$ cat run_27.tsv   # TSV, N, CA and C atoms
chain	number	residue	atom	x	y	z
A	1	MET	N	0.85	-1.18	0.00
A	1	MET	CA	0.00	0.00	0.00
A	1	MET	C	0.90	1.24	0.00
A	2	ARG	N	0.57	2.19	-0.80
A	2	ARG	CA	1.34	3.42	-0.89
A	2	ARG	C	0.96	4.38	0.23
A	3	GLN	N	1.93	4.96	0.85
A	3	GLN	CA	1.71	5.87	1.97
A	3	GLN	C	1.14	7.20	1.48
A	4	GLN	N	0.09	7.64	2.10
A	4	GLN	CA	-0.49	8.95	1.79
A	4	GLN	C	0.42	10.02	2.35
A	5	GLN	N	0.36	11.19	1.75
A	5	GLN	CA	1.15	12.31	2.25
A	5	GLN	C	0.46	12.92	3.46
A	6	TYR	N	1.21	13.09	4.53
A	6	TYR	CA	0.69	13.70	5.75
A	6	TYR	C	1.51	14.94	6.05
A	7	ASN	N	0.93	15.81	6.84
A	7	ASN	CA	1.61	17.02	7.27
A	7	ASN	C	1.56	17.11	8.79
A	8	ALA	N	2.59	17.71	9.36
A	8	ALA	CA	2.59	17.93	10.81
A	8	ALA	C	1.33	18.70	11.17
A	9	GLY	N	0.64	18.25	12.19
A	9	GLY	CA	-0.60	18.87	12.62
A	9	GLY	C	-1.83	18.09	12.20
A	10	ASP	N	-1.69	17.15	11.24
A	10	ASP	CA	-2.83	16.32	10.84
A	10	ASP	C	-3.26	15.42	11.99
A	11	ILE	N	-4.55	15.21	12.11
A	11	ILE	CA	-5.09	14.24	13.06
A	11	ILE	C	-5.51	13.02	12.25
A	12	VAL	N	-5.07	11.85	12.68
A	12	VAL	CA	-5.36	10.60	11.98
A	12	VAL	C	-5.88	9.57	12.99
A	13	TYR	N	-6.31	8.45	12.48
A	13	TYR	CA	-6.87	7.38	13.32
A	13	TYR	C	-6.18	6.08	12.96
A	14	ILE	N	-5.83	5.31	13.98
A	14	ILE	CA	-5.15	4.03	13.78
A	14	ILE	C	-5.80	2.97	14.64
A	15	PHE	N	-5.50	1.71	14.33
A	15	PHE	CA	-5.89	0.61	15.22
A	15	PHE	C	-4.78	0.47	16.24
A	16	TYR	N	-5.14	0.43	17.50
A	16	TYR	CA	-4.17	0.31	18.57
A	16	TYR	C	-4.46	-0.97	19.34
A	17	HIS	N	-3.44	-1.82	19.48
A	17	HIS	CA	-3.58	-3.05	20.26
A	17	HIS	C	-3.03	-2.81	21.66
A	18	ASN	N	-3.82	-3.14	22.66
A	18	ASN	CA	-3.36	-3.06	24.04
A	18	ASN	C	-2.27	-4.11	24.24
A	19	PRO	N	-1.08	-3.72	24.70
A	19	PRO	CA	0.01	-4.68	24.87
A	19	PRO	C	-0.32	-5.81	25.85
A	20	GLN	N	-1.22	-5.56	26.81
A	20	GLN	CA	-1.57	-6.61	27.76
A	20	GLN	C	-2.66	-7.55	27.24
A	21	ILE	N	-3.45	-7.08	26.28
A	21	ILE	CA	-4.55	-7.88	25.74
A	21	ILE	C	-4.44	-7.82	24.22
A	22	LEU	N	-3.64	-8.70	23.63
A	22	LEU	CA	-3.31	-8.60	22.21
A	22	LEU	C	-4.47	-8.85	21.27
A	23	ASP	N	-5.51	-9.54	21.73
A	23	ASP	CA	-6.62	-9.82	20.81
A	23	ASP	C	-7.69	-8.72	20.84
A	24	VAL	N	-7.39	-7.61	21.49
A	24	VAL	CA	-8.31	-6.48	21.53
A	24	VAL	C	-7.67	-5.30	20.81
A	25	ALA	N	-8.41	-4.72	19.88
A	25	ALA	CA	-7.93	-3.54	19.17
A	25	ALA	C	-8.96	-2.43	19.34
A	26	ASN	N	-8.47	-1.22	19.38
A	26	ASN	CA	-9.32	-0.04	19.49
A	26	ASN	C	-8.91	0.96	18.43
A	27	ILE	N	-9.83	1.83	18.07
A	27	ILE	CA	-9.49	2.95	17.20
A	27	ILE	C	-8.98	4.06	18.09
A	28	GLN	N	-7.83	4.60	17.73
A	28	GLN	CA	-7.22	5.63	18.55
A	28	GLN	C	-6.85	6.82	17.69
A	29	GLU	N	-7.15	8.01	18.15
A	29	GLU	CA	-6.75	9.24	17.48
A	29	GLU	C	-5.28	9.50	17.76
A	30	ALA	N	-4.55	9.94	16.74
A	30	ALA	CA	-3.13	10.27	16.89
A	30	ALA	C	-2.85	11.54	16.09
A	31	ALA	N	-1.80	12.22	16.47
A	31	ALA	CA	-1.39	13.43	15.76
A	31	ALA	C	-0.14	13.15	14.94
A	32	VAL	N	-0.10	13.69	13.75
A	32	VAL	CA	1.12	13.64	12.93
A	32	VAL	C	1.97	14.83	13.36
A	33	VAL	N	3.21	14.56	13.71
A	33	VAL	CA	4.12	15.60	14.21
A	33	VAL	C	5.49	15.42	13.57
A	34	ASN	N	6.34	16.44	13.71
A	34	ASN	CA	7.73	16.27	13.31
A	34	ASN	C	8.41	15.36	14.31
A	35	ASN	N	9.17	14.41	13.82
A	35	ASN	CA	9.88	13.47	14.68
A	35	ASN	C	10.94	14.24	15.47
A	36	PRO	N	10.88	14.21	16.81
A	36	PRO	CA	11.85	14.98	17.59
A	36	PRO	C	13.28	14.46	17.44
A	37	ASP	N	13.44	13.19	17.04
A	37	ASP	CA	14.79	12.63	16.84
A	37	ASP	C	15.33	12.93	15.45
A	38	ASN	N	14.42	13.22	14.50
A	38	ASN	CA	14.83	13.56	13.15
A	38	ASN	C	13.78	14.51	12.58
A	39	PRO	N	14.00	15.82	12.71
A	39	PRO	CA	13.00	16.81	12.30
A	39	PRO	C	12.61	16.75	10.82
A	40	ASN	N	13.37	16.06	9.99
A	40	ASN	CA	13.04	15.93	8.57
A	40	ASN	C	12.04	14.81	8.31
A	41	GLU	N	11.68	14.06	9.34
A	41	GLU	CA	10.73	12.97	9.22
A	41	GLU	C	9.50	13.26	10.06
A	42	LEU	N	8.41	12.60	9.71
A	42	LEU	CA	7.18	12.72	10.49
A	42	LEU	C	7.02	11.50	11.38
A	43	ALA	N	6.26	11.69	12.45
A	43	ALA	CA	5.98	10.62	13.39
A	43	ALA	C	4.54	10.75	13.86
A	44	LEU	N	4.02	9.67	14.44
A	44	LEU	CA	2.72	9.73	15.11
A	44	LEU	C	2.96	9.98	16.57
A	45	PHE	N	2.21	10.87	17.16
A	45	PHE	CA	2.28	11.10	18.60
A	45	PHE	C	1.04	10.47	19.21
A	46	LEU	N	1.27	9.46	20.04
A	46	LEU	CA	0.19	8.67	20.61
A	46	LEU	C	0.57	8.26	22.02
A	47	PHE	N	-0.28	8.53	22.98
A	47	PHE	CA	-0.04	8.16	24.39
A	47	PHE	C	1.32	8.65	24.88
A	48	GLU	N	1.61	9.92	24.60
A	48	GLU	CA	2.85	10.56	25.07
A	48	GLU	C	4.11	9.93	24.50
A	49	SER	N	3.99	9.21	23.36
A	49	SER	CA	5.15	8.59	22.70
A	49	SER	C	5.13	8.92	21.21
A	50	TYR	N	6.31	8.88	20.61
A	50	TYR	CA	6.45	9.13	19.18
A	50	TYR	C	6.71	7.81	18.46
A	51	TYR	N	6.03	7.62	17.33
A	51	TYR	CA	6.19	6.43	16.51
A	51	TYR	C	6.47	6.88	15.08
A	52	PRO	N	7.64	6.52	14.52
A	52	PRO	CA	7.94	6.93	13.15
A	52	PRO	C	6.87	6.43	12.17
A	53	LEU	N	6.48	7.27	11.24
A	53	LEU	CA	5.53	6.86	10.20
A	53	LEU	C	6.22	5.89	9.26
A	54	THR	N	5.60	4.75	9.03
A	54	THR	CA	6.15	3.77	8.11
A	54	THR	C	5.06	3.32	7.15
A	55	ASN	N	5.45	2.73	6.05
A	55	ASN	CA	4.50	2.27	5.04
A	55	ASN	C	3.67	1.08	5.51
A	56	ASP	N	4.06	0.41	6.58
A	56	ASP	CA	3.28	-0.73	7.04
A	56	ASP	C	2.20	-0.35	8.06
A	57	MET	N	2.07	0.94	8.34
A	57	MET	CA	1.02	1.40	9.25
A	57	MET	C	-0.29	1.57	8.49
A	58	LEU	N	-1.38	1.16	9.11
A	58	LEU	CA	-2.70	1.36	8.55
A	58	LEU	C	-3.28	2.61	9.20
A	59	ILE	N	-3.31	3.71	8.45
A	59	ILE	CA	-3.69	5.01	8.97
A	59	ILE	C	-4.92	5.51	8.22
A	60	PHE	N	-5.86	6.05	8.97
A	60	PHE	CA	-7.10	6.57	8.38
A	60	PHE	C	-7.18	8.07	8.65
A	61	THR	N	-7.71	8.80	7.69
A	61	THR	CA	-7.81	10.24	7.85
A	61	THR	C	-9.14	10.66	8.47
A	62	SER	N	-10.06	9.71	8.63
A	62	SER	CA	-11.32	10.04	9.31
A	62	SER	C	-11.69	8.90	10.26
A	63	GLU	N	-12.38	9.28	11.31
A	63	GLU	CA	-12.80	8.28	12.28
A	63	GLU	C	-13.82	7.32	11.64
A	64	MET	N	-14.67	7.83	10.75
A	64	MET	CA	-15.66	6.98	10.10
A	64	MET	C	-14.99	5.90	9.25
A	65	ALA	N	-13.97	6.26	8.50
A	65	ALA	CA	-13.24	5.28	7.69
A	65	ALA	C	-12.58	4.24	8.58
A	66	ALA	N	-12.03	4.66	9.71
A	66	ALA	CA	-11.41	3.72	10.64
A	66	ALA	C	-12.45	2.78	11.22
A	67	GLU	N	-13.62	3.29	11.56
A	67	GLU	CA	-14.68	2.45	12.12
A	67	GLU	C	-15.17	1.44	11.09
A	68	GLN	N	-15.32	1.84	9.83
A	68	GLN	CA	-15.75	0.91	8.79
A	68	GLN	C	-14.74	-0.21	8.62
A	69	ALA	N	-13.47	0.12	8.57
A	69	ALA	CA	-12.43	-0.89	8.43
A	69	ALA	C	-12.37	-1.78	9.67
A	70	TYR	N	-12.54	-1.19	10.83
A	70	TYR	CA	-12.53	-1.96	12.09
A	70	TYR	C	-13.61	-3.04	12.06
A	71	HIS	N	-14.81	-2.66	11.65
A	71	HIS	CA	-15.92	-3.63	11.61
A	71	HIS	C	-15.68	-4.69	10.54
A	72	GLN	N	-15.02	-4.32	9.47
A	72	GLN	CA	-14.71	-5.29	8.42
A	72	GLN	C	-13.68	-6.32	8.90
A	73	TYR	N	-12.66	-5.87	9.62
A	73	TYR	CA	-11.57	-6.74	10.04
A	73	TYR	C	-11.82	-7.46	11.36
A	74	PHE	N	-12.55	-6.87	12.27
A	74	PHE	CA	-12.66	-7.42	13.62
A	74	PHE	C	-14.05	-7.92	13.98
A	75	HIS	N	-15.02	-7.81	13.09
A	75	HIS	CA	-16.35	-8.34	13.40
A	75	HIS	C	-16.81	-9.30	12.35
$ encode --input "run_27.tsv" --output "structure tokens"
Amino acid sequence: MRQQQYNAGDIVYIFYHNPQILDVANIQEAAVVNNPDNPNELALFLFESYYPLTNDMLIFTSEMAAEQAYHQYFH
């Protein structure tokens, strides 16, 4: 899948797996920000942590799109 172009300040939605309960996923809002370790790259800011944006991330630009995909994959 080709990565969409994002800009710092964008709000996106991802599937987040609880590390203690791996078979449970939730839709979580995250912010696209400049990576503090490499300002030329973007990262997701989620739960007070930074995650580099990679092509293997499933990212949605709307909560509705994330919910539709969630129901398709998890129900």
$ closest_residue --input "run_27.tsv" --among "A:Phe45, A:Phe15, A:Phe74, A:Tyr6" --to "Met57 (chain A)" --atoms "only N, CA and C atoms"
A:Phe15
$ residues_around --input "run_27.tsv" --residues "Ile14 (chain A)" --least-positions-apart "4" --cutoff "6.5 Å" --atoms "only N, CA and C atoms" --output "VMD selection string"
chain A and resid 26 to 30 58 to 60
$ atom_distance --input "run_27.tsv" --atom1 "atom N of Tyr51 (chain A)" --atom2 "CA of Asn7 (chain A)"
14.5 Å
$ closest_residue --input "run_27.tsv" --among "A:Ala8, A:Tyr13, A:Glu48, A:Ser62" --to "Asn35 (chain A)" --atoms "only C-alpha atoms"
A:Ala8
$ atom_distance --input "run_27.tsv" --atom1 "CA of Ala31 (chain A)" --atom2 "CA of Phe47 (chain A)"
10.2 Å
$ atom_distance --input "run_27.tsv" --atom1 "atom C of Asp10 (chain A)" --atom2 "atom N of Ala25 (chain A)"
22.2 Å
$ select_by_dssp --input "run_27.tsv" --residues "chain A" --states "alpha helix (DSSP H)" --output "PyMOL selection string"
chain A and resi 63-74
$ write_last_selection --input "run_27.tsv" --atoms "N, CA and C atoms" --output "short mmCIF file (atom, residue, chain, number, x, y, z; two decimals), in the frame of the given file"
data_model
loop_
_atom_site.label_atom_id
_atom_site.label_comp_id
_atom_site.auth_asym_id
_atom_site.auth_seq_id
_atom_site.Cartn_x
_atom_site.Cartn_y
_atom_site.Cartn_z
N GLU A 63 -12.38 9.28 11.31
CA GLU A 63 -12.80 8.28 12.28
C GLU A 63 -13.82 7.32 11.64
N MET A 64 -14.67 7.83 10.75
CA MET A 64 -15.66 6.98 10.10
C MET A 64 -14.99 5.90 9.25
N ALA A 65 -13.97 6.26 8.50
CA ALA A 65 -13.24 5.28 7.69
C ALA A 65 -12.58 4.24 8.58
N ALA A 66 -12.03 4.66 9.71
CA ALA A 66 -11.41 3.72 10.64
C ALA A 66 -12.45 2.78 11.22
N GLU A 67 -13.62 3.29 11.56
CA GLU A 67 -14.68 2.45 12.12
C GLU A 67 -15.17 1.44 11.09
N GLN A 68 -15.32 1.84 9.83
CA GLN A 68 -15.75 0.91 8.79
C GLN A 68 -14.74 -0.21 8.62
N ALA A 69 -13.47 0.12 8.57
CA ALA A 69 -12.43 -0.89 8.43
C ALA A 69 -12.37 -1.78 9.67
N TYR A 70 -12.54 -1.19 10.83
CA TYR A 70 -12.53 -1.96 12.09
C TYR A 70 -13.61 -3.04 12.06
N HIS A 71 -14.81 -2.66 11.65
CA HIS A 71 -15.92 -3.63 11.61
C HIS A 71 -15.68 -4.69 10.54
N GLN A 72 -15.02 -4.32 9.47
CA GLN A 72 -14.71 -5.29 8.42
C GLN A 72 -13.68 -6.32 8.90
N TYR A 73 -12.66 -5.87 9.62
CA TYR A 73 -11.57 -6.74 10.04
C TYR A 73 -11.82 -7.46 11.36
N PHE A 74 -12.55 -6.87 12.27
CA PHE A 74 -12.66 -7.42 13.62
C PHE A 74 -14.05 -7.92 13.98
#
$ residues_around --input "run_27.tsv" --residues "Gln5 (chain A)" --least-positions-apart "5" --cutoff "12 Å" --atoms "only C-alpha atoms" --output "list in words"
Asp10, Val12, Val32, Glu41, Leu42, Leu53, Thr54, Asn55, Ile59, Phe60 and Thr61 of chain A
$ select_by_dssp --input "run_27.tsv" --residues "chain A" --states "strand (DSSP E or B)" --output "MDAnalysis selection string"
chainID A and resid 11:18 21:35 38:46 49:52 59:60
